[in-house]
Amino acid sequence: MRALGLDVGSKTIGVAKTDEAGIAAHPDQVIRRRGTDSDVSTIQTLVAELGITDIVVGMPFELSGKVGHRARRVLEFISALKRALPSGPEFHEQDERFTTAEAQRVLIDADLSRARRKGVIDQQAAVLILQAWLDARKARG
């Protein structure tokens, strides 16, 4: 099992991947958004290169748990990915509320400068999204 974690934002997509054993999430990259077709193509390439079996996408639900504007945009992006990868990986949604704030705390604790944090916050959020999914999967047995 090899999974990819995505933190889909309006300007960037943070990307994380699992290790070979599918146990731990690691930062991979930040994709600068250039339009859905270009972004989907970039992820298609990653899926092929890394042999991805699962894609975990962070869902920005509202605090109430409802699907709001941001979550609807992410769902549209997931639909585009599914159309581009019809026989590809399995898709999973992971609640990402508070993930960016948690990623910010992790990076501050690591003593990264504000400029450096800005460059890696999205991929750190993707790591947290993917690791939460991995941990929940392990707990289910």
# chains A, B, ... in the order shown; residues from 1 in each chain; ligands from 1
>>> closest_atom_pairs(of="range 18-66 of chain A", to="range 95-99 of chain A", cutoff="12 Å", atoms="only C-alpha atoms", output="Markdown table")
| residue | atom | partner | partner_atom | distance |
| --- | --- | --- | --- | --- |
| A:Val56 | CA | A:Asp95 | CA | 10.0 |
| A:Val57 | CA | A:Asp95 | CA | 8.5 |
| A:Gly58 | CA | A:Glu96 | CA | 5.0 |
| A:Met59 | CA | A:Asp95 | CA | 5.0 |
| A:Pro60 | CA | A:Glu96 | CA | 5.4 |
| A:Phe61 | CA | A:Arg97 | CA | 6.4 |
| A:Glu62 | CA | A:Arg97 | CA | 7.5 |
| A:Leu63 | CA | A:Arg97 | CA | 7.2 |
| A:Ser64 | CA | A:Arg97 | CA | 10.2 |
| A:Gly65 | CA | A:Arg97 | CA | 8.9 |
| A:Lys66 | CA | A:Asp95 | CA | 10.9 |
>>> write_last_selection(atoms="C-alpha atoms", output="tab-separated table (two decimals), in the first residue's frame")
chain	number	residue	atom	x	y	z
A	56	VAL	CA	-6.34	10.80	1.01
A	57	VAL	CA	-7.77	14.28	0.53
A	58	GLY	CA	-8.24	16.70	3.40
A	59	MET	CA	-11.83	17.94	3.62
A	60	PRO	CA	-12.18	21.49	4.95
A	61	PHE	CA	-15.53	21.02	6.67
A	62	GLU	CA	-17.03	23.95	8.51
A	63	LEU	CA	-16.70	23.96	12.30
A	64	SER	CA	-20.24	22.58	12.49
A	65	GLY	CA	-19.14	19.62	10.34
A	66	LYS	CA	-21.19	20.75	7.35
>>> closest_atom_pairs(of="range 85-123 of chain A", to="range 128-134 of chain A", cutoff="9 Å", atoms="only C-alpha atoms", output="Markdown table")
| residue | atom | partner | partner_atom | distance |
| --- | --- | --- | --- | --- |
| A:His92 | CA | A:Trp133 | CA | 8.5 |
| A:Glu93 | CA | A:Trp133 | CA | 8.7 |
| A:Gln94 | CA | A:Ile129 | CA | 6.5 |
| A:Asp95 | CA | A:Ile129 | CA | 7.7 |
| A:Glu96 | CA | A:Ile129 | CA | 6.3 |
| A:Thr99 | CA | A:Leu128 | CA | 6.7 |
| A:Thr100 | CA | A:Leu128 | CA | 8.8 |
| A:Glu102 | CA | A:Leu128 | CA | 8.3 |
| A:Ala103 | CA | A:Leu128 | CA | 7.3 |
| A:Gln123 | CA | A:Leu128 | CA | 8.7 |
>>> write_last_selection(atoms="C-alpha atoms", output="short mmCIF file (atom, residue, chain, number, x, y, z; two decimals), in the first residue's frame")
data_model
loop_
_atom_site.label_atom_id
_atom_site.label_comp_id
_atom_site.auth_asym_id
_atom_site.auth_seq_id
_atom_site.Cartn_x
_atom_site.Cartn_y
_atom_site.Cartn_z
CA HIS A 92 -10.57 8.73 0.91
CA GLU A 93 -11.74 11.95 2.56
CA GLN A 94 -10.15 12.99 5.85
CA ASP A 95 -11.50 15.76 8.06
CA GLU A 96 -8.87 18.48 8.03
CA THR A 99 -4.89 20.77 10.49
CA THR A 100 -3.25 24.00 9.32
CA GLU A 102 -1.65 22.12 14.11
CA ALA A 103 0.91 22.19 11.28
CA GLN A 123 2.93 19.94 2.87
#
>>> closest_residue(among="A:Ile108, A:Ala126, A:Ala3, A:Leu81", to="Asp37 in chain A", atoms="only C-alpha atoms")
A:Leu81
>>> residues_around(residues="Lys11 in chain A", least_positions_apart="4", cutoff="9 Å", atoms="only C-alpha atoms", output="NGL selection string")
:A and (31-34)
>>> select_by_dssp(residues="chain A", states="strand (DSSP E)", output="count of residues only")
33
>>> residues_around(residues="Ala84 in chain A", least_positions_apart="2", cutoff="10 Å", atoms="only C-alpha atoms", output="PyMOL selection string")
chain A and resi 37+40-41+43-44+78-82+86-88
>>> write_last_selection(atoms="N, CA and C atoms", output="compact mmCIF listing (two decimals), in the first residue's frame")
# COMPACT_ATOMS: atom_id res chain seq x y z
N ASP A 37 -6.94 21.24 -14.65
CA ASP A 37 -6.35 20.28 -15.60
C ASP A 37 -4.86 20.09 -15.33
N VAL A 40 -4.37 18.29 -11.88
CA VAL A 40 -4.71 16.87 -12.00
C VAL A 40 -3.60 16.12 -12.74
N SER A 41 -3.08 16.72 -13.79
CA SER A 41 -1.99 16.10 -14.55
C SER A 41 -0.76 15.86 -13.67
N ILE A 43 -0.71 15.44 -10.43
CA ILE A 43 -1.01 14.36 -9.49
C ILE A 43 -1.05 13.01 -10.21
N GLN A 44 -1.56 12.98 -11.44
CA GLN A 44 -1.54 11.74 -12.23
C GLN A 44 -0.10 11.23 -12.36
N ILE A 78 -11.75 16.50 -6.35
CA ILE A 78 -11.72 15.03 -6.22
C ILE A 78 -12.41 14.39 -7.42
N SER A 79 -13.53 14.95 -7.83
CA SER A 79 -14.25 14.42 -9.00
C SER A 79 -13.38 14.47 -10.24
N ALA A 80 -12.66 15.58 -10.43
CA ALA A 80 -11.76 15.71 -11.59
C ALA A 80 -10.65 14.66 -11.52
N LEU A 81 -10.11 14.42 -10.33
CA LEU A 81 -9.08 13.40 -10.16
C LEU A 81 -9.63 12.00 -10.48
N LYS A 82 -10.82 11.72 -10.00
CA LYS A 82 -11.43 10.41 -10.25
C LYS A 82 -11.66 10.19 -11.74
N PRO A 86 -9.56 6.72 -13.63
CA PRO A 86 -10.75 5.87 -13.47
C PRO A 86 -10.47 4.48 -12.90
N SER A 87 -9.34 3.90 -13.20
CA SER A 87 -9.05 2.57 -12.66
C SER A 87 -7.84 2.64 -11.73
N GLY A 88 -7.64 3.81 -11.18
CA GLY A 88 -6.46 4.05 -10.36
C GLY A 88 -6.72 3.85 -8.88
